[in-house]
Every structure is written in C-alpha cells, then in structure tokens.
$ cat model-v4.cif   # mmCIF, C-alpha atoms
data_structure
#
loop_
_atom_site.label_atom_id
_atom_site.label_comp_id
_atom_site.auth_asym_id
_atom_site.auth_seq_id
_atom_site.Cartn_x
_atom_site.Cartn_y
_atom_site.Cartn_z
CA MET Q 1 -17.86 -72.24 -33.13
CA LEU Q 2 -18.75 -69.06 -34.98
CA PHE Q 3 -21.13 -71.03 -37.24
CA LEU Q 4 -22.95 -72.38 -34.17
CA ILE Q 5 -23.29 -68.87 -32.70
CA HIS Q 6 -24.59 -67.58 -36.04
CA LEU Q 7 -27.18 -70.38 -36.20
CA ILE Q 8 -28.44 -69.73 -32.67
CA ALA Q 9 -28.76 -65.99 -33.40
CA ARG Q 10 -30.79 -66.66 -36.56
CA LEU Q 11 -33.18 -69.00 -34.74
CA LEU Q 12 -33.60 -66.48 -31.90
CA GLY Q 13 -34.24 -63.69 -34.41
CA ARG Q 14 -36.89 -65.68 -36.28
CA LEU Q 15 -38.70 -66.55 -33.05
CA LEU Q 16 -38.82 -62.89 -31.97
CA ALA Q 17 -39.90 -61.69 -35.43
CA SER Q 18 -42.69 -64.29 -35.78
CA SER Q 19 -44.12 -63.57 -32.34
CA GLY Q 20 -45.55 -60.24 -33.63
CA GLY Q 21 -46.36 -57.26 -31.44
CA ASP Q 22 -43.24 -56.16 -29.60
CA GLY Q 23 -41.12 -58.96 -30.94
CA GLU Q 24 -39.38 -56.83 -33.58
CA LYS Q 25 -38.86 -54.06 -31.07
CA ASP Q 26 -37.24 -56.51 -28.67
CA LEU Q 27 -35.06 -57.77 -31.48
CA GLU Q 28 -34.05 -54.21 -32.34
CA ILE Q 29 -33.19 -53.53 -28.70
CA LEU Q 30 -31.13 -56.70 -28.63
CA VAL Q 31 -29.18 -55.53 -31.69
CA LEU Q 32 -28.61 -52.07 -30.18
CA ARG Q 33 -27.34 -53.55 -26.92
CA HIS Q 34 -24.93 -55.80 -28.79
CA GLN Q 35 -23.63 -52.88 -30.82
CA LEU Q 36 -23.23 -50.88 -27.61
CA LYS Q 37 -21.03 -53.62 -26.15
CA VAL Q 38 -18.94 -53.56 -29.35
CA LEU Q 39 -18.48 -49.77 -29.02
CA ARG Q 40 -17.43 -50.15 -25.39
CA ARG Q 41 -14.81 -52.69 -26.33
CA LYS Q 42 -13.54 -50.51 -29.16
CA ASN Q 43 -13.53 -46.97 -27.77
CA GLY Q 44 -13.81 -47.38 -24.03
CA THR Q 45 -15.73 -44.80 -22.05
CA SER Q 46 -16.53 -41.80 -24.22
CA ALA Q 47 -16.41 -38.26 -22.90
CA LEU Q 48 -19.91 -37.01 -22.13
CA ARG Q 49 -20.91 -33.36 -21.88
CA GLY Q 50 -22.97 -31.79 -19.16
CA PHE Q 51 -26.12 -31.94 -21.28
CA ASP Q 52 -25.60 -35.66 -21.90
CA ARG Q 53 -25.13 -36.34 -18.20
CA ALA Q 54 -28.26 -34.39 -17.28
CA VAL Q 55 -30.41 -36.29 -19.83
CA LEU Q 56 -29.11 -39.73 -18.90
CA SER Q 57 -29.46 -39.12 -15.16
CA ALA Q 58 -33.03 -37.84 -15.67
CA VAL Q 59 -34.03 -40.89 -17.76
CA ALA Q 60 -32.44 -43.18 -15.18
CA ARG Q 61 -34.87 -41.92 -12.51
CA VAL Q 62 -37.79 -43.02 -14.77
CA LEU Q 63 -36.46 -46.26 -16.26
CA ALA Q 64 -36.53 -49.35 -14.07
CA ARG Q 65 -33.29 -50.43 -12.48
CA ASP Q 66 -33.22 -53.77 -14.34
CA ARG Q 67 -33.27 -51.88 -17.68
CA TRP Q 68 -30.18 -49.83 -16.95
CA ALA Q 69 -28.02 -52.20 -18.94
CA SER Q 70 -28.72 -50.10 -22.04
CA PHE Q 71 -26.76 -47.14 -20.65
CA MET Q 72 -23.16 -46.62 -21.67
CA VAL Q 73 -22.10 -46.01 -18.06
CA THR Q 74 -22.46 -47.97 -14.85
CA PRO Q 75 -25.33 -47.44 -12.38
CA LYS Q 76 -22.84 -46.02 -9.87
CA THR Q 77 -21.94 -43.29 -12.33
CA LEU Q 78 -25.57 -42.42 -12.96
CA LEU Q 79 -26.24 -42.03 -9.24
CA ARG Q 80 -23.16 -39.85 -8.84
CA TRP Q 81 -24.33 -37.55 -11.66
CA HIS Q 82 -27.69 -37.16 -9.97
CA ARG Q 83 -26.10 -36.27 -6.64
CA GLU Q 84 -24.03 -33.57 -8.37
CA LEU Q 85 -27.17 -32.05 -9.87
CA VAL Q 86 -28.81 -31.94 -6.44
CA ARG Q 87 -25.70 -30.37 -4.92
CA ARG Q 88 -25.64 -27.65 -7.58
CA LYS Q 89 -29.30 -26.90 -6.94
CA TRP Q 90 -28.65 -26.06 -3.30
CA THR Q 91 -25.41 -24.18 -3.83
CA TYR Q 92 -25.65 -20.41 -3.44
CA ALA Q 93 -23.04 -17.81 -4.20
CA ARG Q 94 -21.53 -16.29 -1.05
CA GLY Q 95 -20.48 -12.70 -0.78
CA ARG Q 96 -17.48 -13.48 1.45
CA SER Q 97 -16.16 -16.25 3.64
CA PRO Q 98 -17.69 -16.56 7.11
CA GLY Q 99 -15.98 -15.01 10.11
CA ARG Q 100 -14.14 -11.76 10.66
CA PRO Q 101 -12.54 -10.02 7.69
CA PRO Q 102 -8.75 -10.52 7.48
CA ILE Q 103 -6.38 -7.87 8.77
CA ASP Q 104 -4.40 -5.90 6.19
CA PRO Q 105 -0.80 -7.26 6.08
CA GLU Q 106 0.55 -3.72 6.38
CA ILE Q 107 -1.40 -3.26 9.63
CA VAL Q 108 -0.02 -6.58 10.90
CA GLU Q 109 3.52 -5.42 10.18
CA LEU Q 110 2.81 -2.14 12.00
CA ILE Q 111 1.51 -4.02 15.06
CA LEU Q 112 4.59 -6.25 15.14
CA ARG Q 113 6.84 -3.22 14.75
CA MET Q 114 5.20 -1.44 17.68
CA GLY Q 115 5.41 -4.58 19.81
CA LYS Q 116 9.12 -5.08 19.13
CA GLU Q 117 10.16 -1.46 19.46
CA ASN Q 118 8.14 -0.88 22.64
CA PRO Q 119 8.47 -3.89 24.96
CA ARG Q 120 6.60 -2.08 27.76
CA TRP Q 121 3.48 -1.48 25.66
CA GLY Q 122 0.51 -3.74 26.18
CA CYS Q 123 -2.18 -4.68 23.67
CA VAL Q 124 -4.48 -1.89 24.81
CA ARG Q 125 -1.69 0.68 24.49
CA ILE Q 126 -0.94 -0.50 20.95
CA GLN Q 127 -4.67 -0.35 20.21
CA GLY Q 128 -4.71 3.27 21.35
CA GLU Q 129 -1.68 4.17 19.25
CA LEU Q 130 -3.32 2.62 16.20
CA ARG Q 131 -6.53 4.53 16.89
CA LYS Q 132 -4.54 7.77 16.85
CA LEU Q 133 -3.46 6.81 13.33
CA GLY Q 134 -7.03 6.13 12.27
CA ILE Q 135 -6.68 2.32 12.39
CA GLY Q 136 -9.28 0.35 14.31
CA VAL Q 137 -8.12 -3.06 15.61
CA CYS Q 138 -9.40 -4.73 18.78
CA ALA Q 139 -7.01 -5.67 21.59
CA THR Q 140 -7.76 -9.41 21.23
CA THR Q 141 -6.64 -9.40 17.59
CA ILE Q 142 -3.47 -7.51 18.53
CA ARG Q 143 -2.72 -10.08 21.24
CA GLN Q 144 -3.17 -12.97 18.79
CA ILE Q 145 -0.89 -11.34 16.20
CA LEU Q 146 1.86 -10.78 18.78
CA ARG Q 147 1.62 -14.32 20.14
CA ARG Q 148 1.86 -15.88 16.67
CA LYS Q 149 5.23 -14.14 16.23
CA GLY Q 150 6.50 -15.16 19.66
CA ILE Q 151 6.22 -11.71 21.25
CA GLY Q 152 5.15 -12.21 24.85
CA PRO Q 153 2.77 -10.09 26.89
CA ALA Q 154 3.85 -6.65 28.03
CA PRO Q 155 5.29 -5.18 30.08
CA ARG Q 156 8.35 -7.40 29.98
CA ARG Q 157 9.78 -6.66 33.41
CA ASP Q 158 13.15 -8.37 33.02
CA GLY Q 159 14.62 -5.13 31.69
CA PRO Q 160 16.30 -4.43 28.35
CA SER Q 161 18.39 -7.04 26.61
CA TRP Q 162 22.15 -6.67 26.31
CA SER Q 163 21.91 -5.48 22.72
CA GLU Q 164 19.31 -2.86 23.68
CA PHE Q 165 21.41 -1.73 26.64
CA LEU Q 166 24.54 -1.40 24.53
CA ARG Q 167 22.78 0.56 21.79
CA THR Q 168 21.28 3.07 24.20
CA GLN Q 169 24.33 3.41 26.44
CA ALA Q 170 27.16 2.92 23.94
CA GLU Q 171 28.54 6.40 24.50
CA GLY Q 172 31.00 6.14 27.36
CA ILE Q 173 31.07 2.32 27.56
CA ILE Q 174 34.42 0.53 27.37
CA ALA Q 175 34.78 -3.24 27.22
CA CYS Q 176 37.92 -5.24 28.01
CA ASP Q 177 39.00 -8.82 27.61
CA PHE Q 178 42.01 -11.14 27.39
CA PHE Q 179 43.09 -13.43 24.58
CA THR Q 180 46.08 -15.75 24.36
CA ILE Q 181 48.73 -16.42 21.72
CA GLU Q 182 51.10 -19.39 21.44
CA THR Q 183 54.61 -18.52 20.31
CA ILE Q 184 56.93 -20.63 18.16
CA TRP Q 185 58.37 -22.09 21.37
CA LEU Q 186 54.85 -22.97 22.59
CA ARG Q 187 54.86 -20.33 25.28
CA THR Q 188 51.54 -18.73 26.14
CA LEU Q 189 51.30 -14.94 26.04
CA TYR Q 190 48.31 -13.03 27.43
CA VAL Q 191 47.06 -9.87 25.71
CA LEU Q 192 44.78 -7.33 27.38
CA PHE Q 193 42.83 -4.86 25.27
CA PHE Q 194 40.10 -2.25 25.69
CA ILE Q 195 37.56 -1.18 23.07
CA GLU Q 196 35.08 1.71 22.94
CA LEU Q 197 31.62 0.51 22.01
CA SER Q 198 30.46 3.75 20.39
CA THR Q 199 33.48 4.32 18.12
CA ARG Q 200 34.97 0.78 17.96
CA ARG Q 201 38.39 2.25 18.75
CA VAL Q 202 40.65 -0.39 20.28
CA TYR Q 203 43.52 0.02 22.78
CA VAL Q 204 45.95 -2.90 22.91
CA THR Q 205 47.91 -2.35 26.13
CA GLY Q 206 50.51 -5.08 25.72
CA SER Q 207 51.28 -8.72 26.35
CA THR Q 208 52.78 -10.70 29.22
CA ARG Q 209 53.43 -14.24 30.34
CA ASN Q 210 52.25 -13.53 33.88
CA PRO Q 211 49.09 -11.36 34.03
CA ASP Q 212 49.17 -10.74 37.79
CA SER Q 213 47.33 -8.05 39.70
CA ALA Q 214 50.11 -5.48 39.46
CA TRP Q 215 50.45 -5.80 35.68
CA VAL Q 216 46.69 -5.66 35.01
CA THR Q 217 46.26 -2.64 37.31
CA GLN Q 218 49.12 -0.80 35.58
CA GLN Q 219 47.51 -1.36 32.17
CA ALA Q 220 44.32 0.24 33.47
CA ARG Q 221 46.32 3.27 34.66
CA ASN Q 222 48.04 3.55 31.26
CA LEU Q 223 44.65 3.62 29.53
CA LEU Q 224 43.25 6.65 31.34
CA PRO Q 225 45.71 9.23 29.87
CA ASP Q 226 44.83 8.04 26.36
CA LEU Q 227 41.15 8.58 27.10
CA ASP Q 228 41.85 12.07 28.48
CA ASP Q 229 43.78 13.00 25.35
CA ARG Q 230 40.78 12.08 23.23
CA GLU Q 231 38.32 13.71 25.66
CA ALA Q 232 36.54 10.38 25.99
CA SER Q 233 35.02 9.61 29.36
CA ALA Q 234 34.45 6.09 30.64
CA ARG Q 235 31.07 5.81 32.39
CA PHE Q 236 30.87 2.01 32.28
CA LEU Q 237 33.41 -0.80 32.02
CA ILE Q 238 32.24 -4.22 30.86
CA ARG Q 239 34.36 -7.21 31.78
CA ASP Q 240 33.91 -10.90 32.49
CA ARG Q 241 34.47 -12.68 35.80
CA ASP Q 242 38.06 -13.75 35.10
CA SER Q 243 40.19 -13.97 38.24
CA LYS Q 244 42.89 -11.89 36.54
CA TYR Q 245 40.76 -8.81 37.15
CA THR Q 246 41.39 -7.86 40.77
CA SER Q 247 39.99 -5.22 43.10
CA PRO Q 248 42.78 -2.67 42.38
CA PHE Q 249 41.95 -2.97 38.67
CA ASP Q 250 38.31 -2.08 39.32
CA GLU Q 251 39.28 0.68 41.73
CA VAL Q 252 41.20 2.52 38.98
CA PHE Q 253 37.97 3.00 37.02
CA LYS Q 254 35.79 3.63 40.05
CA THR Q 255 37.98 6.56 41.08
CA GLU Q 256 37.24 8.09 37.65
CA GLY Q 257 33.50 7.78 38.22
CA ALA Q 258 33.02 4.66 36.04
CA ARG Q 259 30.81 1.75 36.98
CA VAL Q 260 32.15 -1.79 36.50
CA ILE Q 261 29.58 -4.19 35.01
CA LEU Q 262 30.25 -7.92 35.23
CA THR Q 263 28.89 -10.16 32.48
CA PRO Q 264 26.94 -13.32 33.38
CA ILE Q 265 28.80 -16.58 33.76
CA ARG Q 266 29.57 -18.29 30.43
CA ALA Q 267 27.79 -15.60 28.43
CA PRO Q 268 30.20 -14.34 25.74
CA LYS Q 269 27.37 -12.53 23.95
CA ALA Q 270 27.16 -10.12 26.88
CA ASN Q 271 30.57 -8.80 25.77
CA ALA Q 272 29.96 -9.30 22.07
CA VAL Q 273 31.98 -6.32 20.76
CA ALA Q 274 35.15 -7.45 22.54
CA GLU Q 275 34.63 -11.06 21.44
CA ARG Q 276 34.20 -9.89 17.87
CA PHE Q 277 37.51 -8.02 17.98
CA VAL Q 278 39.27 -11.17 19.19
CA GLY Q 279 37.92 -13.08 16.21
CA THR Q 280 38.87 -10.26 13.83
CA VAL Q 281 42.46 -9.91 15.00
CA ARG Q 282 42.95 -13.67 14.80
CA ARG Q 283 41.46 -14.07 11.30
CA GLU Q 284 43.16 -11.03 9.78
CA CYS Q 285 46.52 -11.07 11.53
CA LEU Q 286 47.60 -13.53 14.22
CA ASP Q 287 46.55 -16.72 12.43
CA TRP Q 288 49.02 -15.80 9.65
CA VAL Q 289 51.98 -14.77 11.80
CA MET Q 290 54.43 -17.01 13.68
CA VAL Q 291 55.10 -15.08 16.88
CA ARG Q 292 58.66 -15.35 18.15
CA GLY Q 293 58.20 -13.68 21.50
CA ARG Q 294 56.61 -10.93 23.54
CA ARG Q 295 58.37 -8.03 21.80
CA HIS Q 296 57.49 -9.39 18.39
CA LEU Q 297 53.86 -9.78 19.41
CA ASP Q 298 53.69 -6.24 20.83
CA ARG Q 299 55.08 -4.82 17.60
CA VAL Q 300 52.62 -6.78 15.45
CA LEU Q 301 49.64 -5.77 17.59
CA ARG Q 302 50.72 -2.12 17.62
CA VAL Q 303 50.84 -2.00 13.83
CA TYR Q 304 47.56 -3.85 13.49
CA SER Q 305 45.79 -1.61 16.02
CA LEU Q 306 46.85 1.45 14.00
CA HIS Q 307 45.35 -0.13 10.90
CA TYR Q 308 42.23 -1.18 12.81
CA ASN Q 309 41.60 2.32 14.17
CA ALA Q 310 42.56 4.43 11.15
CA GLU Q 311 41.85 2.42 8.01
CA ARG Q 312 39.65 -0.62 8.55
CA PRO Q 313 35.89 -0.12 7.83
CA HIS Q 314 33.51 -1.35 10.56
CA ARG Q 315 30.02 -2.61 9.95
CA GLY Q 316 28.77 -1.39 13.35
CA ILE Q 317 29.55 2.27 12.53
CA GLU Q 318 28.26 2.41 8.96
CA LEU Q 319 31.45 1.11 7.32
CA ARG Q 320 33.63 3.89 8.69
CA ALA Q 321 36.97 3.64 10.45
CA PRO Q 322 36.94 4.61 14.17
CA GLU Q 323 39.20 7.63 13.60
CA ARG Q 324 37.44 8.75 10.40
CA VAL Q 325 34.34 10.54 11.63
CA VAL Q 326 33.58 12.16 8.26
CA PRO Q 327 33.53 9.88 5.18
CA ALA Q 328 35.58 10.77 2.13
CA GLU Q 329 34.02 13.07 -0.43
CA PRO Q 330 32.76 11.32 -3.60
CA VAL Q 331 34.86 11.92 -6.68
CA ASP Q 332 34.01 11.91 -10.37
CA GLY Q 333 35.44 9.08 -12.40
CA ALA Q 334 38.02 6.56 -11.25
CA PRO Q 335 40.78 8.25 -9.20
CA GLU Q 336 44.34 7.01 -9.06
CA ILE Q 337 44.72 4.48 -6.27
CA ARG Q 338 47.89 3.81 -4.26
CA ARG Q 339 48.34 0.65 -2.20
CA ARG Q 340 50.26 0.51 1.07
CA ASP Q 341 51.39 -2.83 2.49
CA VAL Q 342 51.09 -3.44 6.23
CA LEU Q 343 52.84 -6.22 8.17
CA GLY Q 344 54.91 -7.26 5.19
CA GLY Q 345 51.99 -7.38 2.76
CA LEU Q 346 49.65 -9.33 5.05
CA ILE Q 347 47.23 -6.38 5.00
CA HIS Q 348 46.75 -3.85 2.19
CA GLU Q 349 45.56 -0.28 2.59
CA TYR Q 350 44.26 1.76 -0.34
CA LYS Q 351 44.20 5.53 -0.73
CA ALA Q 352 43.00 7.73 -3.57
CA LEU Q 353 45.48 10.34 -4.86
CA LEU Q 354 43.95 13.75 -5.35
CA ALA Q 355 44.57 15.38 -8.74
#
$ encode --input "model-v4.cif" --output "structure tokens"
Amino acid sequence: MLFLIHLIARLLGRLLASSGGDGEKDLEILVLRHQLKVLRRKNGTSALRGFDRAVLSAVARVLARDRWASFMVTPKTLLRWHRELVRRKWTYARGRSPGRPPIDPEIVELILRMGKENPRWGCVRIQGELRKLGIGVCATTIRQILRRKGIGPAPRRDGPSWSEFLRTQAEGIIACDFFTIETIWLRTLYVLFFIELSTRRVYVTGSTRNPDSAWVTQQARNLLPDLDDREASARFLIRDRDSKYTSPFDEVFKTEGARVILTPIRAPKANAVAERFVGTVRRECLDWVMVRGRRHLDRVLRVYSLHYNAERPHRGIELRAPERVVPAEPVDGAPEIRRRDVLGGLIHEYKALLA
C-alpha cells in the first residue's frame, strides 16, 4: 500500500515539474501543505501571539477563500480574530461608569442610623440634617436607601414599639406574671412575682394552690411597703390578660397613682422582662430541684431571689447585680477568692477577699 502511494506521488511530482512555469511552485506548495498536516497531527494547535493573529487575519482578507487551506487554523478562527481587531479599534477608555456616582458607604450607614433612631423623620428631614453636616444627598436617594433596608416611610404613626417604650419609660415600670411548678406529688403550685424593669430587681411574693382574687390582691398589698422602703414608685404595671388578675388587684395600684397596662393577646414579647425571669429561674434553679410542697418552694424561691438581686450579673444593666449600683473597684493582681454555696451547692457565689 505504501509502495503504491509512493509511486503515485512520484508520477504526480514528475508531471508538475515537467509542466514548467508554476509547476515547481505548485509542487512546493503541495509539499508545504502536506508537512503542515503532519505538524497538526503531531503538535495540535500551536499557541499564536497577537502579532501572528494580526498578520494571518490580514492576509486572510486578501487571499481567496478557497486558498485558506494553507492556514494552520480554521476559517472560523480567522473570522473571529478579525472581529476582535475591529472591536478593539472602536473601544475607547471611559473615565467612569455611566450613571450617578455611588454613595459613600459611611454616608449610607449614617442615613440608616438616622432613619432607625428617628422613626418620625421623613426623607426631606434626613436630607436637611445631612446638609447641616455638610453632606449633600437628594431625598430620592435617601428614600431608596431606606427602602432597600426595609425601613418604611415616615412618620410611622403606629407609635413606639414595646422595646422602645420600655427603654424610655423603664424607670417606675413594674411587670408581674405567674408561673407554675409541679411538686413530687404532681400538685400544681402557682407563683406570683413582680420585677422592676429599670433595676431588674425581683419580688417573689409566694406560692399557692388556689390563686383566687383575695390571695392575688393581698400579694399586691404586700408589695407596696417593700417599694416604699426602697423609695421606688410604681408609675406603670404591666400584666397579661389572665383571669387571675381581678379588679381589686388593679385597684391596689391605681390608688397609688399607677397605670395598669394590659399586654396584647398571645404576645409574650410585650412582657419580655418577666418572661425572661421565668426562663432564668427554671434553668438555674427549679429544673434541678424536686419540690416537696408549698413551704419548700417558698424557701427555695426566697433564697434564689436573694441571690438574683444581690449577686447575679444581668446583661440588661451592664452585667451588674440589681442591688449593686456601683461596680467593684479593680484590683492589682489575682486576689484571693472565696466561694459560697447556695441551695446546697446548686449555685456558687464568688467574693474577693481584701488584703
């Protein structure tokens, strides 16, 4: 087979060479094309530089389409190279992207801060406040920034939220609530407590199996002398809509000039401080104690309330205890520490011994 191919090639070569004129040139082109095919099979597509692409694409526009077989690349590639050259010719450097310049992220944070801290301010009011600071932003941009973060238009006429109300009116607000405990004998005991929102001081009044109107009203009367001793006035009382709170219970606080605020139905977050105390006393104490009866429960809650008010740090008042208004003075080095066990070692209290 190879001998036959060799014979045909020799005859074809002699015919082209004897024809004179361009015969030898055609034979040379034939040899170059065959060698090009060999290189393609051996090395594949070689990496061409930008100069090579420019030259080949320019020659391709002059050479006839039927003679493109001599190129190392396909006609599709040649056309693509030419389109890239045209695209680069009409590409100009731009100074900046079209449209308005972006807003400084610090200005965006300032706009969001003003919108959150001042719910009654509109976009124009925020624009004026920014202008006082030497910052120029249009009202439309301010509106778009607020909407992207889910801050609605102002003024928001539904009034302050519960968290905002509690922060601004915490002084003089007392919250109350019930929680239940199951004894060893599976008897349910009800516990009523009061808590000051500003100081987080808690008053556990006692427990009972029958929280009727007379018992609840008496607990409210017992609370008032404790408030007078501490010179703490109750301007508001927050409670839920439980039927255990009767009219005589509310009347005790109204006679002292306090206003009773009822939380919405099925809205525990409206009385969040009291709900948080219930979770705390369960996690730290009652979930680890088997209550035998009412007297046992009263004794446990009395000891825990002393710890809660005098020793336990609270996140809502900067990690201070309710009865420790002034934090302890910092000491140099590591002082000697003494541990005191509460409730049989269920809770530990630590105190530093002064030298």
$ residues_around --input "model-v4.cif" --residues "segment 316-323 of chain Q" --least-positions-apart "5" --cutoff "6 Å" --atoms "only C-alpha atoms" --output "compact mmCIF listing (two decimals) with C-alpha atoms, keeping the file's coordinate frame"
# COMPACT_ATOMS: atom_id res chain seq x y z
CA THR Q 199 33.48 4.32 18.12
CA ARG Q 200 34.97 0.78 17.96
CA ARG Q 201 38.39 2.25 18.75
CA ASN Q 309 41.60 2.32 14.17
CA ALA Q 310 42.56 4.43 11.15
CA GLU Q 311 41.85 2.42 8.01
$ residues_around --input "model-v4.cif" --residues "Ile261 of chain Q" --least-positions-apart "3" --cutoff "8 Å" --atoms "all atoms listed in the file" --output "PyMOL selection string"
chain Q and resi 236-239
$ axis_aligned_box --input "model-v4.cif" --around "segment 276-289 of chain Q" --padding-each-side "4 Å" --output "JSON"
{"center_x": 43.1, "center_y": -12.4, "center_z": 14.4, "size_x": 25.8, "size_y": 16.7, "size_z": 17.5}
$ resolve_selection --input "model-v4.cif" --expression "the PyMOL selection byres ((chain Q and resi 220) around 9)" --output "list of chain:residue names"
Q:Thr205, Q:Trp215, Q:Val216, Q:Thr217, Q:Gln218, Q:Gln219, Q:Arg221, Q:Asn222, Q:Leu223, Q:Leu224, Q:Phe249, Q:Asp250, Q:Val252, Q:Phe253
$ resolve_selection --input "model-v4.cif" --expression "the PyMOL selection byres ((chain Q and resi 340) around 12)" --output "PyMOL selection string"
chain Q and resi 307+311+337-339+341-352
$ closest_residue --input "model-v4.cif" --among "Q:Cys138, Q:Arg209, Q:Gly128, Q:Lys76" --to "Leu189 of chain Q" --atoms "only C-alpha atoms"
Q:Arg209
$ atom_distance --input "model-v4.cif" --atom1 "atom CA of Ile103 of chain Q" --atom2 "atom CA of Thr140 of chain Q"
12.6 Å
$ closest_residue --input "model-v4.cif" --among "Q:Ala234, Q:Ile151, Q:Met114, Q:Val191" --to "Gly257 of chain Q" --atoms "only C-alpha atoms"
Q:Ala234
$ closest_residue --input "model-v4.cif" --among "Q:Arg187, Q:Arg83, Q:Lys149, Q:Arg100" --to "Arg294 of chain Q" --atoms "all atoms listed in the file"
Q:Arg187
$ atom_distance --input "model-v4.cif" --atom1 "atom CA of Ile173 of chain Q" --atom2 "atom CA of Thr255 of chain Q"
15.8 Å
